[in-house]
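The structure appears below as structure tokens.
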Amino acid sequence: MGENEAGLPNMPLQGKKMAYQKVNADLRTTGHSQYLDNDDLQATALDLEWDMEKELEEPGFDQFQPDNAENQNLGHSETLDLHLDSIQPATSPKGRFQRLQEESDYVTHYTRSAPKGSHCNFCSLLKILFTATILFIFGIIIGYYAHMNCPSDVSPSGTNDYQLYQDILKTIKAEDIKKFFRNLVQLYESEDDMEISKRIKTQWTALGLEDTQLMNYSVLLDFPGPSPSTITVSSTGQCFYPDGQPCREEARKGHSQDLLSSYAAYSAKGTLQADVIDVSYGTTDDLKRISKLKNVTNQIALLKLGKFPLLYKISLLEKAGFGGALLYTDPCDIPKPADLSSESFMVTLNPGGDPSTPGYPSLDGSFRQNRQNLTHLLVQPISASLAKVLISSPKLRVENDACRPLELPHNEKRTVSLQVQTVTKFKRVSNVVGYLKGLTSPDRYVIVGSNHHSEYSYNGQEWASSTAVITTFMQALMIKVKEGWRPERTIVFCSWGGTTWGNIGSYEWGENFAKILQKNAVAYISLHNPIRGNSSLYPVASPSLQQLVVEKTKVNCLRRAQCPGTNVSSVQIQGDADYFINHLGVPTVQFAYEDIKALEGPSFLSEAIFPKHARKIEEMDPSFNLHEAFTKLSGEVILQIASEPVLPFSALDIALGVQNSLKGDEPAVPHLLAMASQLRESAELFQSDEMRPANDPKERAPSRVRMLNDILQDLEKGFLTQRVPPGFYRNILYHLDEKTSQFSILKEAWAHRNPLASNETLQEALSSVLNSINLAQVFFKAGLDVFESVLIGKN
């Protein structure tokens, strides 16, 4: 028995009379899938009655009709009433079927001659009753198996079952996360770093994850040189290591690993003697002010981290003509409990992926570009204590409990000799990738990403925290999978390598499977560095996912504390979500626990990677209760995206975000505002008319749900722009930080505008935003047109 477009088994059509006929009112014409109200019920009842009627159509019904009896003359068949009203659909709410009028000649045509005696009457009656009973039982069996073989609108995976989610999440325990975490930390201390990815693969396979793979890429990495970089003050001849310690052998031995790890990956190499010029945070205004006072050509900038991406500020220094940069974090920007003044750190100048294969995967035989360094500047991170020495500030001045930022007076001159030593080598980076295949949409991927410690990388514990979280969630999920449950869509679990150098593992995997991911990736859930503090939950989400995150966060905060004033925003974040946001336009979610003070400070301070003793995970979360809360919250979002029939994305939130991003101090552009208003109207219409299947199971015809989900997962792809300032997101729906609501590229372009020039940069930025809004408007309208055509067709 075949299947029609709606998923019901096809029925024989050879008979002259049928038990049911389709009603044209409110239905599609032939060739379109039907919108089924209750497919499971209808499939069972229709198959049952049709098969039973077919058996009863032969006069006398003394034997069952064979399955291949479709060529028999059924000209005067009639339905025998077997009192199945409790399961037959009769007339559906939308009038899809109605029962035909009974034929007047049915009884007379098939009536036998009257019996000649009471005994014969009794035998005949008994025979009829026995046959009817057998047919009834047989019909129920047929209906049952038809129901089992027929797909339903609501998958048997229990996608609407809130209790099912809770059954999975309640098995997540802080003790398990803590155990995984400690085992990973001990593994790092006792094993080769490369063994960690192999151990993760073995662990995931043991939990039952399907098709777990270890994927290796040969990439260009930048390492510290054989000896630490040095900064020598020319006037006194004093030599310092990056952490502020004098250049003595005992100091080098006492902090050997930290000193070697205090560097800027992919910086230029060499020695430069020049004046130190304080550029504060290195913003456009800072450099304009400094350039009017001093000649900055080939000088060394003293640069604070924060406020803008480091790559953007380095590009401004290059354009201004600087030859080097000393990076530091101002103590006033760091929360008081964290004393990092004597700590140096690492940064990367890599925007993402293997520098030798930009834009394409690092496969064997790929062309390798010679990119030993990604800037011509000599860049060196230093501690705040060394910055104080260069400024000649013996201690940080505090007045009335107000911290006074570090600043080198413009009338004072400091000349130093900066020596930077790094070594570039091709090394192997490994990703661990495993799949939990989806039940009804196995070609749609919900990607969950953590990162692990790669060989030669920096000694933090954040990777162990991230890996413990993803493994614990997987363990809870596989318990339910072994009981027979599966999500609707495939969940792809990833543990990335090479994150420290610029998210290399995730970029290479993404570039390797870009064509597939562009079509099939539904969402990315980042588990990067989950515990950065212990005072507040900090969620970041794409505009289309903000509504879902708000709902889940509210529930989470009702159950637990530590969510004061939680606000969901779309801002630039650190970690391996970068490729999926900026090159694929995939909706993304990331939760983290932070310190409120850190959230109040400048953005982009997290670009500095401090050594492991600067932040102890178990000191911030000794009971691992925050880890448990994080895992359950992220897990619930993963389950809902992977299992709901209709993706829980909001089109209207994107349009509202666009309108809010055009507000600000800069002059409004009328045609941008007008187009944003049109986008909102289209989004409102789409949200009200086409999102009905999300709330009404009766609207969930498989073809309609598939079309709707295809539109929802591509909503943000139109907001990817090709040209943005270094360090800025290509996805313009994301802002630089929570304090800025405008489009980032417009804000930067306004900062560079010149009233007397043509302002091509500003015009290009305005054009990029305009094209993105227009593309989104066209996309919404095309979606509305498709559904309108379907509705017209069914009528």
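Starting from 1 in every chain, residues are counted up; chains themselves are A, B, ... following the order of the structure tokens, and ligands are numbered from 1 as listed.
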For Val568 (chain A): contacts at 12 Å, only C-alpha atoms, fewer than 4 positions along chain excluded, given as a CSV table (one decimal) with C-alpha atoms, in the first residue's frame:
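Writing done, so here's out-v6.csv:
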```
chain,number,residue,atom,x,y,z
A,537,LEU,CA,23.8,34.9,34.7
A,538,TYR,CA,24.8,36.5,31.4
A,539,PRO,CA,22.9,35.2,28.3
A,540,VAL,CA,23.7,36.2,24.7
A,541,ALA,CA,21.5,35.2,21.8
A,542,SER,CA,20.7,36.0,18.2
A,543,PRO,CA,17.6,38.2,17.8
A,544,SER,CA,15.5,35.3,16.5
A,545,LEU,CA,16.3,33.3,19.7
A,546,GLN,CA,16.0,36.0,22.3
A,547,GLN,CA,12.3,35.3,23.1
A,548,LEU,CA,13.1,31.6,23.8
A,549,VAL,CA,16.1,32.5,25.9
A,550,VAL,CA,14.1,35.0,27.9
A,551,GLU,CA,11.4,32.4,28.7
A,552,LYS,CA,14.0,29.8,29.8
A,553,THR,CA,16.0,32.3,31.8
A,554,LYS,CA,12.9,33.5,33.7
A,563,CYS,CA,20.0,36.3,38.0
A,589,VAL,CA,22.9,31.1,22.0
A,590,GLN,CA,25.5,31.3,24.8
A,591,PHE,CA,25.0,31.4,28.5
A,592,ALA,CA,27.7,32.2,31.1
A,737,ASP,CA,28.5,45.7,23.6
A,738,GLU,CA,25.3,46.2,25.7
```
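Running DSSP on the backbone and keeping only alpha helix (DSSP H), the residues of region 275-368 of chain A that qualify are Thr284, Asp285, Asp286, Leu287, Lys288, Arg289, Ile290, Ser291, Lys292, Leu293, Leu310, Leu311, Tyr312, Lys313, Ile314, Ser315, Leu316, Leu317, Glu318, Lys319 and Ala320 of chain A.
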Quick one: DSSP strand (DSSP E) residues in region 431-596 of chain A, as a compact mmCIF listing (two decimals) with all heavy atoms, in the first residue's frame?
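To be explicit, this is the file written out as result31.txt:
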```txt
# COMPACT_ATOMS: atom_id res chain seq x y z
N ASN A 431 39.62 18.09 16.26
CA ASN A 431 38.24 18.26 16.72
C ASN A 431 37.63 16.89 16.99
O ASN A 431 37.92 15.93 16.28
CB ASN A 431 37.38 18.96 15.66
CG ASN A 431 37.86 20.36 15.33
OD1 ASN A 431 38.36 21.07 16.19
ND2 ASN A 431 37.70 20.75 14.08
N VAL A 432 36.76 16.83 18.00
CA VAL A 432 35.98 15.62 18.27
C VAL A 432 34.54 15.95 17.91
O VAL A 432 33.96 16.91 18.44
CB VAL A 432 36.08 15.18 19.74
CG1 VAL A 432 35.35 13.85 19.93
CG2 VAL A 432 37.54 15.05 20.17
N VAL A 433 33.94 15.19 17.00
CA VAL A 433 32.58 15.45 16.51
C VAL A 433 31.77 14.16 16.59
O VAL A 433 32.21 13.13 16.08
CB VAL A 433 32.59 15.99 15.06
CG1 VAL A 433 31.17 16.29 14.60
CG2 VAL A 433 33.46 17.24 14.96
N GLY A 434 30.60 14.24 17.23
CA GLY A 434 29.72 13.08 17.33
C GLY A 434 28.29 13.47 17.03
O GLY A 434 27.89 14.63 17.22
N TYR A 435 27.48 12.50 16.58
CA TYR A 435 26.13 12.78 16.10
C TYR A 435 25.10 11.97 16.86
O TYR A 435 25.29 10.76 17.10
CB TYR A 435 26.03 12.45 14.60
CG TYR A 435 26.98 13.22 13.73
CD1 TYR A 435 28.29 12.78 13.53
CD2 TYR A 435 26.58 14.38 13.09
CE1 TYR A 435 29.17 13.49 12.73
CE2 TYR A 435 27.45 15.10 12.29
CZ TYR A 435 28.75 14.64 12.10
OH TYR A 435 29.62 15.34 11.31
N LEU A 436 24.00 12.62 17.21
CA LEU A 436 22.79 11.95 17.66
C LEU A 436 21.74 12.19 16.58
O LEU A 436 21.20 13.31 16.46
CB LEU A 436 22.32 12.48 19.02
CG LEU A 436 20.96 11.97 19.51
CD1 LEU A 436 20.96 10.45 19.60
CD2 LEU A 436 20.61 12.59 20.86
N SER A 441 13.82 14.73 11.02
CA SER A 441 14.60 15.66 10.20
C SER A 441 16.09 15.43 10.47
O SER A 441 16.78 16.31 11.01
CB SER A 441 14.22 17.11 10.51
OG SER A 441 12.87 17.35 10.22
N PRO A 442 16.61 14.28 10.09
CA PRO A 442 18.02 13.99 10.38
C PRO A 442 18.99 14.87 9.61
O PRO A 442 20.17 14.92 9.95
CB PRO A 442 18.16 12.51 9.98
CG PRO A 442 17.07 12.29 8.97
CD PRO A 442 15.94 13.17 9.40
N ASP A 443 18.49 15.57 8.57
CA ASP A 443 19.35 16.44 7.78
C ASP A 443 19.36 17.88 8.29
O ASP A 443 19.87 18.78 7.62
CB ASP A 443 18.92 16.43 6.32
CG ASP A 443 17.49 16.92 6.13
OD1 ASP A 443 16.70 16.84 7.10
OD2 ASP A 443 17.15 17.40 5.04
N ARG A 444 18.80 18.11 9.45
CA ARG A 444 18.83 19.44 10.07
C ARG A 444 19.64 19.33 11.37
O ARG A 444 19.36 18.49 12.21
CB ARG A 444 17.41 19.96 10.36
CG ARG A 444 16.61 20.25 9.09
CD ARG A 444 17.25 21.40 8.32
NE ARG A 444 16.50 21.78 7.13
CZ ARG A 444 16.80 21.38 5.91
NH1 ARG A 444 17.81 20.55 5.70
NH2 ARG A 444 16.10 21.79 4.87
N TYR A 445 20.65 20.22 11.52
CA TYR A 445 21.65 20.06 12.56
C TYR A 445 21.55 21.16 13.62
O TYR A 445 21.60 22.35 13.30
CB TYR A 445 23.06 20.09 11.97
CG TYR A 445 23.26 19.11 10.83
CD1 TYR A 445 23.90 19.50 9.66
CD2 TYR A 445 22.79 17.80 10.93
CE1 TYR A 445 24.08 18.60 8.61
CE2 TYR A 445 22.97 16.91 9.89
CZ TYR A 445 23.61 17.31 8.73
OH TYR A 445 23.78 16.43 7.70
N VAL A 446 21.43 20.73 14.86
CA VAL A 446 21.58 21.63 16.01
C VAL A 446 22.97 21.36 16.57
O VAL A 446 23.24 20.27 17.10
CB VAL A 446 20.49 21.38 17.07
CG1 VAL A 446 20.69 22.30 18.26
CG2 VAL A 446 19.10 21.58 16.46
N ILE A 447 23.87 22.33 16.46
CA ILE A 447 25.28 22.12 16.78
C ILE A 447 25.56 22.64 18.19
O ILE A 447 25.22 23.77 18.53
CB ILE A 447 26.18 22.83 15.76
CG1 ILE A 447 25.83 22.37 14.34
CG2 ILE A 447 27.65 22.58 16.05
CD1 ILE A 447 26.48 23.18 13.24
N VAL A 448 26.17 21.79 19.00
CA VAL A 448 26.53 22.14 20.38
C VAL A 448 28.04 22.11 20.48
O VAL A 448 28.66 21.08 20.17
CB VAL A 448 25.90 21.16 21.38
CG1 VAL A 448 26.20 21.59 22.81
CG2 VAL A 448 24.39 21.05 21.16
N GLY A 449 28.66 23.22 20.86
CA GLY A 449 30.11 23.31 20.82
C GLY A 449 30.76 23.64 22.15
O GLY A 449 30.33 24.55 22.86
N SER A 450 31.80 22.90 22.48
CA SER A 450 32.70 23.22 23.61
C SER A 450 34.12 23.24 23.05
O SER A 450 34.33 23.03 21.85
CB SER A 450 32.56 22.18 24.72
OG SER A 450 33.04 20.92 24.28
N ASN A 451 35.09 23.47 23.89
CA ASN A 451 36.47 23.42 23.41
C ASN A 451 37.32 22.62 24.40
O ASN A 451 37.01 22.53 25.58
CB ASN A 451 37.06 24.82 23.24
CG ASN A 451 37.18 25.58 24.54
OD1 ASN A 451 36.17 25.98 25.12
ND2 ASN A 451 38.39 25.79 25.02
N ARG A 489 15.46 16.63 15.25
CA ARG A 489 16.60 17.01 14.41
C ARG A 489 17.88 16.42 14.98
O ARG A 489 17.97 16.12 16.17
CB ARG A 489 16.70 18.54 14.33
CG ARG A 489 15.42 19.18 13.81
CD ARG A 489 15.40 20.68 13.95
NE ARG A 489 14.08 21.20 13.53
CZ ARG A 489 13.05 21.33 14.34
NH1 ARG A 489 13.18 21.04 15.64
NH2 ARG A 489 11.89 21.75 13.89
N THR A 490 18.88 16.30 14.14
CA THR A 490 20.16 15.75 14.58
C THR A 490 20.90 16.75 15.47
O THR A 490 20.98 17.93 15.15
CB THR A 490 21.03 15.41 13.35
OG1 THR A 490 20.39 14.38 12.60
CG2 THR A 490 22.41 14.95 13.76
N ILE A 491 21.40 16.26 16.59
CA ILE A 491 22.25 17.08 17.47
C ILE A 491 23.70 16.70 17.19
O ILE A 491 24.07 15.53 17.27
CB ILE A 491 21.91 16.86 18.95
CG1 ILE A 491 20.44 17.21 19.21
CG2 ILE A 491 22.81 17.74 19.84
CD1 ILE A 491 20.01 16.97 20.66
N VAL A 492 24.51 17.69 16.84
CA VAL A 492 25.93 17.47 16.56
C VAL A 492 26.73 18.02 17.73
O VAL A 492 26.71 19.21 18.02
CB VAL A 492 26.36 18.18 15.26
CG1 VAL A 492 27.80 17.84 14.92
CG2 VAL A 492 25.44 17.79 14.11
N PHE A 493 27.44 17.13 18.42
CA PHE A 493 28.27 17.52 19.57
C PHE A 493 29.71 17.71 19.07
O PHE A 493 30.28 16.83 18.44
CB PHE A 493 28.23 16.45 20.65
CG PHE A 493 26.89 16.32 21.32
CD1 PHE A 493 25.96 15.39 20.89
CD2 PHE A 493 26.55 17.14 22.39
CE1 PHE A 493 24.73 15.27 21.50
CE2 PHE A 493 25.32 17.03 23.01
CZ PHE A 493 24.40 16.10 22.57
N CYS A 494 30.29 18.87 19.41
CA CYS A 494 31.63 19.20 18.93
C CYS A 494 32.51 19.67 20.08
O CYS A 494 32.09 20.48 20.91
CB CYS A 494 31.57 20.31 17.88
SG CYS A 494 30.47 19.97 16.49
N SER A 495 33.71 19.16 20.12
CA SER A 495 34.74 19.66 21.02
C SER A 495 35.88 20.18 20.16
O SER A 495 36.55 19.41 19.46
CB SER A 495 35.22 18.56 21.97
OG SER A 495 36.17 19.07 22.89
N TRP A 496 36.07 21.50 20.19
CA TRP A 496 36.99 22.14 19.25
C TRP A 496 38.41 22.22 19.82
O TRP A 496 38.61 22.46 21.00
CB TRP A 496 36.51 23.56 18.93
CG TRP A 496 35.09 23.67 18.49
CD1 TRP A 496 34.08 24.34 19.12
CD2 TRP A 496 34.51 23.12 17.30
NE1 TRP A 496 32.91 24.23 18.41
CE2 TRP A 496 33.14 23.49 17.28
CE3 TRP A 496 35.00 22.35 16.25
CZ2 TRP A 496 32.28 23.11 16.26
CZ3 TRP A 496 34.14 21.98 15.23
CH2 TRP A 496 32.80 22.36 15.24
N ALA A 521 22.39 23.68 8.80
CA ALA A 521 22.61 24.08 10.19
C ALA A 521 21.43 24.93 10.68
O ALA A 521 21.07 25.92 10.05
CB ALA A 521 23.91 24.85 10.33
N VAL A 522 20.85 24.55 11.79
CA VAL A 522 19.66 25.22 12.33
C VAL A 522 20.04 26.21 13.43
O VAL A 522 19.54 27.34 13.46
CB VAL A 522 18.68 24.17 12.88
CG1 VAL A 522 17.55 24.84 13.67
CG2 VAL A 522 18.11 23.34 11.75
N ALA A 523 20.93 25.80 14.34
CA ALA A 523 21.31 26.67 15.46
C ALA A 523 22.65 26.21 16.00
O ALA A 523 23.07 25.06 15.80
CB ALA A 523 20.25 26.66 16.55
N TYR A 524 23.34 27.12 16.70
CA TYR A 524 24.59 26.80 17.38
C TYR A 524 24.45 27.21 18.84
O TYR A 524 24.11 28.36 19.14
CB TYR A 524 25.78 27.53 16.74
CG TYR A 524 27.11 27.15 17.37
CD1 TYR A 524 27.81 26.04 16.93
CD2 TYR A 524 27.65 27.90 18.41
CE1 TYR A 524 29.02 25.68 17.51
CE2 TYR A 524 28.86 27.54 18.99
CZ TYR A 524 29.55 26.43 18.53
OH TYR A 524 30.74 26.07 19.11
N ILE A 525 24.69 26.26 19.74
CA ILE A 525 24.65 26.54 21.18
C ILE A 525 26.07 26.44 21.70
O ILE A 525 26.69 25.38 21.67
CB ILE A 525 23.71 25.58 21.93
CG1 ILE A 525 22.25 25.84 21.54
CG2 ILE A 525 23.85 25.77 23.43
CD1 ILE A 525 21.81 25.20 20.27
N SER A 526 26.59 27.56 22.18
CA SER A 526 27.98 27.63 22.63
C SER A 526 28.07 27.34 24.12
O SER A 526 27.33 27.93 24.92
CB SER A 526 28.57 29.02 22.34
OG SER A 526 29.84 29.17 22.94
N SER A 536 26.22 36.52 38.53
CA SER A 536 25.09 36.82 37.65
C SER A 536 25.12 35.97 36.39
O SER A 536 26.19 35.67 35.85
CB SER A 536 25.10 38.30 37.25
OG SER A 536 24.01 38.61 36.43
N LEU A 537 23.93 35.60 35.93
CA LEU A 537 23.80 34.89 34.66
C LEU A 537 23.86 35.90 33.51
O LEU A 537 23.22 36.94 33.56
CB LEU A 537 22.48 34.12 34.62
CG LEU A 537 22.21 33.31 33.35
CD1 LEU A 537 23.19 32.15 33.24
CD2 LEU A 537 20.78 32.77 33.36
N VAL A 540 23.61 35.56 25.99
CA VAL A 540 23.73 36.24 24.70
C VAL A 540 23.03 35.36 23.67
O VAL A 540 23.23 34.14 23.65
CB VAL A 540 25.20 36.46 24.32
CG1 VAL A 540 25.31 37.04 22.91
CG2 VAL A 540 25.88 37.38 25.32
N ALA A 541 22.22 35.98 22.81
CA ALA A 541 21.48 35.21 21.82
C ALA A 541 21.23 36.03 20.57
O ALA A 541 21.14 37.26 20.63
CB ALA A 541 20.14 34.73 22.40
N THR A 588 22.37 31.75 17.25
CA THR A 588 23.31 31.27 18.27
C THR A 588 22.87 31.67 19.66
O THR A 588 22.28 32.74 19.86
CB THR A 588 24.72 31.82 17.97
OG1 THR A 588 25.12 31.40 16.67
CG2 THR A 588 25.72 31.34 18.99
N VAL A 589 23.18 30.80 20.63
CA VAL A 589 22.90 31.08 22.04
C VAL A 589 24.15 30.76 22.85
O VAL A 589 24.83 29.75 22.58
CB VAL A 589 21.73 30.23 22.58
CG1 VAL A 589 21.52 30.47 24.07
CG2 VAL A 589 20.45 30.54 21.83
N GLN A 590 24.46 31.60 23.84
CA GLN A 590 25.54 31.31 24.78
C GLN A 590 25.17 31.86 26.15
O GLN A 590 24.85 33.03 26.29
CB GLN A 590 26.87 31.91 24.31
CG GLN A 590 28.01 31.71 25.31
CD GLN A 590 29.34 32.24 24.81
OE1 GLN A 590 29.97 31.64 23.95
NE2 GLN A 590 29.75 33.39 25.32
N TYR A 593 28.07 32.40 33.52
CA TYR A 593 27.98 33.09 34.80
C TYR A 593 29.16 34.05 34.90
O TYR A 593 30.30 33.67 34.67
CB TYR A 593 27.98 32.09 35.96
CG TYR A 593 26.61 31.50 36.20
CD1 TYR A 593 26.25 30.28 35.65
CD2 TYR A 593 25.66 32.19 36.96
CE1 TYR A 593 24.99 29.75 35.85
CE2 TYR A 593 24.40 31.67 37.17
CZ TYR A 593 24.07 30.45 36.61
OH TYR A 593 22.81 29.93 36.81
N GLU A 594 28.84 35.29 35.24
CA GLU A 594 29.83 36.37 35.26
C GLU A 594 29.80 37.09 36.59
O GLU A 594 28.89 36.91 37.41
CB GLU A 594 29.51 37.39 34.14
CG GLU A 594 30.08 37.02 32.79
CD GLU A 594 31.53 37.45 32.63
OE1 GLU A 594 32.18 37.76 33.67
OE2 GLU A 594 32.00 37.50 31.49
```
Original post:
Hey, which of A:Gly324, A:Gly244, A:Pro702, A:Gly718 ends up closest to Ser417 (chain A)? Count only C-alpha atoms.
Top reply: A:Gly324
**OP:** Have a look at CA of Lys170 (chain A) and CA of Val646 (chain A) and let me know their distance in Å, one decimal.
**Re:**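 That distance, rounded to one decimal, is 24.7 Å.
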Original post:
If we count only C-alpha atoms, what is near Tyr579 (chain A) at a cut-off of 12 Å, once residues fewer than 4 positions away on the same chain are taken out, given as a PyMOL selection string?
Top reply: chain A and resi 351-353+359+449+499+502-514+517-518+524+526+573-575+583-588+720+729-731
**OP:** To one decimal in Å, tell me the separation between CA of Ser661 (chain A) and CA of Phe743 (chain A).
**Re:**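 Answer for the CA of Ser661 (chain A) to CA of Phe743 (chain A) separation: 5.3 Å.
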